[in-house]
Structures are given as C-alpha cells and as structure tokens.
Amino acid sequence: MLALVLAGCSAPAPPVARAPVTLGDKALTSAPASDEPQPHPADDLAGTRWPDARVGGGVAEVSCERDDTDDPPRRLQSLGFYPLFDAMAACESTGLVRLSYSGRIDGGFTELVRRVSAMAQRMDLPEHLLDIDSAGGNVEEAIRAGDAMADAAWTVRVQRDANCLSACVLVLAAADDRVVHGNVGVHRLMRDRSNATSRAELNDELRNVNATVRDYFERHGVALAVADLMMTVPNRRLRLLTAGELDEYGLVGRNAAQDDLERIVIRRKCGEGFMRRRDAFQRQFEARCGVDERPWEDVTRCGLELRPAYGFPDTRCVDETPLADAERRLRLEDARQAQLAADAAASTDGSTQ
C-alpha cells in the first residue's frame with residue numbers, strides 16, 4: 001500500500017486536437033457527446049498525480065465481485081488516483097475488479113478503461129470484468145479503449161438486458177473473453193463533419209474509416225466480414241447479429257488472437273511438452289467442469305482436481321500453469337470467507353458474554 005502512495009509522479013502531456021471519427025449512432029442515443037480525444041502518454045499514469053479526468057456522459061460503477069448481490073457497485077465520477085483507489089480498495093481481498101458501464105463510447109470511456117486497468121495492475125488484481133451497455137459512439141475512442149483492454153486481459157460481458165451496438169462492437173472485439181447474452185448490432189460507418197457532396201466522395205471517406213476498422217479487427221482476431229457487413233447496413237437501421245454469427249465472426253468466447261499469442265509465448269518459455277499437456281487439460285476442463293453453467297468457484301475447484309493428472313502445477317512454469325490466476329483468486333476468496341466467519345463468531349461470543 002505504502003509503495004502505491006509513494007510511487008513517482010510524471011506530468012501529463014498537452015492535449016492534441018484532432019477531428020473524431022464516429023459511427024453514426026445519433027438515432028440510438030440521446031446522451032451528450034464528449035468526443036474530444038484525450039492525451040494518452042505512455043507514462044502519465046506511472047505516478048499518483050494523474051491528469052484530471054471524469055467519466056463523462058456515461059454511467060460507470062465498480063465492484064469487487066461478479067454480480068451485484070455479492071457486492072453492490074459503487075458509482076464512479078472522478079477518475080483521479082485516490083478516488084479510484086478508494087473505490088477499488090476492497091478488490092484486494094477478492095482479486096477481481098468488475099467495471100459496469102452504460103452510455104456512449106467516448107474519450108471519457110477510454111480514460112475509464114485505461115485508469116481502472118492501471119490501478120488493477122498496481123493492486124495486482126488478476127481478473128478484470130467489464131459489463132457494458134452502449135448504443136455506440138466514437139470509433140477512434142473505441143479503438144483506443146479496445147487496444148488498452150487487449151493489453152490488460154479484460155473479459156467483456158453483454159448481459160441479457162444490455163446492448164452492444166455500433167462502436168461498442170469494437171470494444172467487444174478486443175476483449176480476451178466475450179460473454180454475450182444481450183444484443184450485438186452493427187450498421188454503416190459514417191464520418192462526422194463530412195464534406196462529401198457525391199457518392200464517390202462519401203465512398204472515399206468511408207473507405208479510409210473501413211480500412212482502419214478492418215486493420216483493428218484483424219489484429220484482434222475478428223473476421224473481416226464484420227467490417228464488410230457494417231458497410232452494407234444503412235446508418236439509420238441496425239443489423240443484430242445472431243448467436244451463430246457471433247461465433248462465426250469471432251465475437252464471442254475466447255479471443256483467437258490472444259489465444260494464439262499465449263500459445264506462442266508459453267511454447268517458447270515452457271516447451272512443446274508443456275504446451276501439449278496444457279491443451280489436453282483445457283479440453284478435459286471444458287468438457288467436465290461446466291465452464292459456462294456453474295459458479296466460478298465450483299468450476300475452479302473442478303479444474304484444480306483435474307490438474308495433477310496432466311502434471312500440473314508445473315514447478316518450472318508456475319505462472320503459465322492452467323488456472324494459476326483462478327487458484328489465487330479462490331485462495332483470496334476462501335481467506336475472506338474464513339475471516340467473515342471468524343468475525344461473526346467473535347461477534348456472537350461477545351453478545352453472549
């Protein structure tokens with residue numbers, strides 16, 4: 001804790017003015033736009049004197065459990081170092097931070113993702129969840145937010161009563177894992193402040209935007225067909241993707257690009273034999289442990305029981321051992337529950353005396 005507070009400080013860089021590129025979502029949301037890009041120097045969050053920033057037009061909440069019944073979310077407004085640290089302090093006992101966001105994808109959302117990611121790294125929280133409900137917004141900010149999430153191992157969830165539309169699909173695309181129970185929809189890209197006076201001029205503008213989005217999808221393991229589909233749906237309409245299309249396009253479940261990257265890194269560090277054992281364990285784990293249907297504690301314990309049959313945990317590659325982070329979270333949760341039980345027993349004894 002003391003090291004957190006005493007970390008070094010660095011001055012923010014001046015803002016850079018540039019015209020935003022957005023998905024046209026005016027028909028889908030009435031929230032005020034806050035699209036001015038914010039500066040993102042690589043080291044501006046290294047200290048404790050973070051540049052001033054607020055959430056903006058959306059509603060952001062943070063909690064330290066997977067659902068509201070275990071830990072009611074707390075509203076975030078200021079994104080300063082100390083307010084955010086105070087809001088996330090309880091997460092040290094669970095190893096998890098859950099961010100809930102409802103609203104437009106804009107510069108405030110990008111900064112929200114960056115700062116929660118930076119704080120989670122400082123606090124050594126292994127699991128990061130984002131529950132999102134958004135009708136879209138600024139493409140440039142969605143790309144920045146998605147790239148920041150890809151560097152911080154986020155899981156994005158679209159709950160049953162939520163939507164992820166337009167630019168929000170870019171955020172969904174970049175997550176390490178995607179859980180979708182709500183609506184995911186796309187439509188044609190548009191550039192704000194367009195000067196086009198003909199279809200040819202409009203097409204030239206849209207071609208540039210489409211090329212940027214295609215490059216983004218490609219590096220995050222999403223089928224380029226999604227970008228092509230976006231170009232065919234009029235901006236005033238919306239094309240909801242089916243469960244089959246989400247799977248086919250790589251917008252649900254494990255991110256293929258991240259999975260391949262992890263395999264390359266693990267094979268290089270731990271060897272081919274380790275990789276084969278890890279793959280065999282993963283197949284059995286998914287088949288036997290009900291990954292998507294059971295509480296995470298039960299899933300984790302099921303996986304831990306399976307590990308010895310595949311030579312895990314591995315003493316040479318401890319961090320790469322399957323379920324390493326989940327096991328750590330489970331130990332934190334068990335310790336927390338034990339402390340709660342001890343506190344309750346002590347309170348009962350005191351009342352009796």
# chains A, B, ... in the order shown; residues from 1 in each chain; ligands from 1
>>> residues_around(residues="Tyr310 in chain A", least_positions_apart="2", cutoff="10 Å", atoms="only C-alpha atoms", output="mmCIF file with C-alpha atoms, in the first residue's frame")
data_model
loop_
_atom_site.group_PDB
_atom_site.id
_atom_site.type_symbol
_atom_site.label_atom_id
_atom_site.label_comp_id
_atom_site.auth_asym_id
_atom_site.auth_seq_id
_atom_site.Cartn_x
_atom_site.Cartn_y
_atom_site.Cartn_z
ATOM 1 C CA PHE A 274 4.144 -28.361 -21.543
ATOM 2 C CA ARG A 276 0.604 -30.411 -25.258
ATOM 3 C CA ARG A 277 -0.248 -31.133 -21.594
ATOM 4 C CA ARG A 278 -1.893 -27.735 -21.277
ATOM 5 C CA ASP A 279 -4.015 -28.290 -24.392
ATOM 6 C CA ALA A 280 -5.100 -31.750 -23.195
ATOM 7 C CA PHE A 281 -6.038 -30.334 -19.788
ATOM 8 C CA LEU A 306 -8.074 -32.359 -12.815
ATOM 9 C CA ARG A 307 -4.636 -30.720 -12.902
ATOM 10 C CA PRO A 308 -2.493 -33.457 -11.256
ATOM 11 C CA PHE A 312 0.172 -29.530 -13.035
ATOM 12 C CA PRO A 313 1.052 -27.361 -11.260
ATOM 13 C CA ASP A 314 4.355 -27.199 -13.084
#
>>> closest_atom_pairs(of="range 152-260 of chain A", to="range 116-138 of chain A", cutoff="6 Å", atoms="only C-alpha atoms", output="CSV")
residue,atom,partner,partner_atom,distance
A:Trp154,CA,A:His128,CA,5.0
A:Thr155,CA,A:Leu129,CA,4.9
A:Val156,CA,A:Leu130,CA,4.7
A:Arg157,CA,A:Asp131,CA,4.8
A:Val158,CA,A:Ile132,CA,5.8
A:Ala162,CA,A:Asp133,CA,4.9
A:Asn163,CA,A:Asp133,CA,5.0
A:Cys164,CA,A:Ser134,CA,5.2
A:Leu165,CA,A:Ala135,CA,4.8
A:Ser166,CA,A:Gly136,CA,4.6
A:Ala167,CA,A:Gly136,CA,4.4
A:Cys168,CA,A:Gly136,CA,5.0
>>> select_by_dssp(residues="range 55-171 of chain A", states="helix (DSSP H, G or I)", output="PyMOL selection string")
chain A and resi 81-93+107-122+139-150+168-171
>>> atom_distance(atom1="CA of Leu206 in chain A", atom2="CA of Val252 in chain A")
26.6 Å
>>> select_by_dssp(residues="range 56-249 of chain A", states="strand (DSSP E or B)", output="NGL selection string")
:A and (59-63 or 74-76 or 78 or 96-102 or 105 or 127-134 or 137-138 or 154-158 or 163-165 or 177-180 or 183-186 or 239-240)
>>> atom_distance(atom1="CA of Asp228 in chain A", atom2="CA of Thr212 in chain A")
12.3 Å
>>> residues_around(residues="range 143-153 of chain A", least_positions_apart="2", cutoff="8 Å", atoms="only C-alpha atoms", output="list in words")
Phe109, Thr110, Glu111, Val113, Arg114, Ser117, Glu127, His128, Val139, Glu140, Glu141, Thr155, Leu170, Val171, Leu172, Ala173, Ala174, Ala175, Asp176 and Tyr216 of chain A
>>> closest_residue(among="A:Arg199, A:His187, A:Gly221, A:Asp260", to="Arg237 in chain A", atoms="only C-alpha atoms")
A:His187
>>> residues_around(residues="Pro83 in chain A", least_positions_apart="5", cutoff="12 Å", atoms="only C-alpha atoms", output="list in words")
Thr48, Arg49, Trp50, Asp52, Ala53, Arg54, Val62, Arg74, Arg75, Leu76, Gln77, Ser78, Met88, Ala89, Arg115, Val116 and Met119 of chain A
>>> atom_distance(atom1="CA of Cys302 in chain A", atom2="CA of Arg288 in chain A")
8.0 Å
>>> residues_around(residues="range 240-248 of chain A", least_positions_apart="6", cutoff="12 Å", atoms="only C-alpha atoms", output="tab-separated table (two decimals) with N, CA and C atoms, in the first residue's frame")
chain	number	residue	atom	x	y	z
A	163	ASN	N	-27.28	-3.89	-24.41
A	163	ASN	CA	-26.98	-3.82	-25.83
A	163	ASN	C	-25.51	-3.46	-26.02
A	164	CYS	N	-24.94	-3.96	-27.10
A	164	CYS	CA	-23.60	-3.53	-27.53
A	164	CYS	C	-23.71	-3.29	-29.03
A	165	LEU	N	-23.89	-2.04	-29.40
A	165	LEU	CA	-24.21	-1.67	-30.76
A	165	LEU	C	-23.17	-0.72	-31.33
A	166	SER	N	-23.04	-0.74	-32.67
A	166	SER	CA	-22.23	0.25	-33.36
A	166	SER	C	-20.78	0.20	-32.87
A	169	VAL	N	-19.18	-2.59	-30.61
A	169	VAL	CA	-18.73	-3.87	-31.14
A	169	VAL	C	-17.20	-3.90	-31.21
A	172	LEU	N	-16.01	-4.83	-27.75
A	172	LEU	CA	-16.23	-6.27	-27.56
A	172	LEU	C	-15.17	-7.09	-28.27
A	173	ALA	N	-14.79	-6.66	-29.47
A	173	ALA	CA	-13.85	-7.41	-30.30
A	173	ALA	C	-12.49	-7.58	-29.63
A	178	ARG	N	-15.26	-13.02	-24.34
A	178	ARG	CA	-16.51	-12.30	-24.57
A	178	ARG	C	-17.68	-13.19	-24.18
A	179	VAL	N	-18.57	-12.68	-23.32
A	179	VAL	CA	-19.76	-13.40	-22.89
A	179	VAL	C	-20.96	-12.57	-23.32
A	180	VAL	N	-21.77	-13.10	-24.23
A	180	VAL	CA	-22.86	-12.32	-24.82
A	180	VAL	C	-24.20	-13.00	-24.57
A	181	HIS	N	-25.07	-12.31	-23.83
A	181	HIS	CA	-26.45	-12.74	-23.64
A	181	HIS	C	-27.44	-11.70	-24.16
A	182	GLY	N	-26.97	-10.49	-24.40
A	182	GLY	CA	-27.83	-9.41	-24.90
A	182	GLY	C	-27.71	-9.23	-26.40
A	183	ASN	N	-27.98	-8.01	-26.87
A	183	ASN	CA	-27.97	-7.70	-28.30
A	183	ASN	C	-26.64	-7.12	-28.75
A	184	VAL	N	-26.13	-7.62	-29.87
A	184	VAL	CA	-24.95	-7.06	-30.52
A	184	VAL	C	-25.36	-6.69	-31.94
A	185	GLY	N	-25.17	-5.42	-32.31
A	185	GLY	CA	-25.65	-4.98	-33.62
A	185	GLY	C	-24.69	-4.03	-34.31
A	186	VAL	N	-24.75	-4.01	-35.65
A	186	VAL	CA	-23.85	-3.18	-36.45
A	186	VAL	C	-24.66	-2.41	-37.48
A	187	HIS	N	-24.04	-1.35	-38.01
A	187	HIS	CA	-24.61	-0.61	-39.14
A	187	HIS	C	-23.50	0.15	-39.84
A	221	GLY	N	-8.27	-10.59	-34.00
A	221	GLY	CA	-8.78	-11.92	-34.28
A	221	GLY	C	-10.24	-12.00	-34.65
A	222	VAL	N	-10.81	-10.91	-35.16
A	222	VAL	CA	-12.22	-10.89	-35.56
A	222	VAL	C	-12.31	-10.96	-37.08
A	223	ALA	N	-13.29	-11.67	-37.59
A	223	ALA	CA	-13.44	-11.84	-39.03
A	223	ALA	C	-13.66	-10.49	-39.71
A	224	LEU	N	-12.96	-10.28	-40.82
A	224	LEU	CA	-13.11	-9.04	-41.57
A	224	LEU	C	-14.50	-8.89	-42.16
A	225	ALA	N	-15.25	-9.98	-42.22
A	225	ALA	CA	-16.62	-9.92	-42.71
A	225	ALA	C	-17.49	-8.98	-41.87
A	226	VAL	N	-17.13	-8.77	-40.61
A	226	VAL	CA	-17.89	-7.85	-39.76
A	226	VAL	C	-17.78	-6.43	-40.30
A	229	LEU	N	-19.85	-6.21	-43.41
A	229	LEU	CA	-21.26	-6.18	-43.09
A	229	LEU	C	-21.68	-4.80	-42.62
A	230	MET	N	-20.83	-4.16	-41.83
A	230	MET	CA	-21.13	-2.81	-41.37
A	230	MET	C	-21.38	-1.86	-42.54
A	233	VAL	N	-25.14	-1.98	-44.15
A	233	VAL	CA	-26.36	-1.68	-43.39
A	233	VAL	C	-26.51	-0.16	-43.27
A	254	ARG	N	-13.52	-17.13	-26.36
A	254	ARG	CA	-12.11	-16.78	-26.27
A	254	ARG	C	-11.64	-16.06	-27.51
A	255	ASN	N	-10.85	-15.01	-27.31
A	255	ASN	CA	-10.28	-14.26	-28.42
A	255	ASN	C	-9.20	-15.09	-29.10
A	256	ALA	N	-9.38	-15.39	-30.39
A	256	ALA	CA	-8.45	-16.26	-31.11
A	256	ALA	C	-7.05	-15.68	-31.18
>>> closest_residue(among="A:Ala46, A:Leu332, A:Ala90, A:Val213", to="Cys64 in chain A", atoms="only C-alpha atoms")
A:Ala90
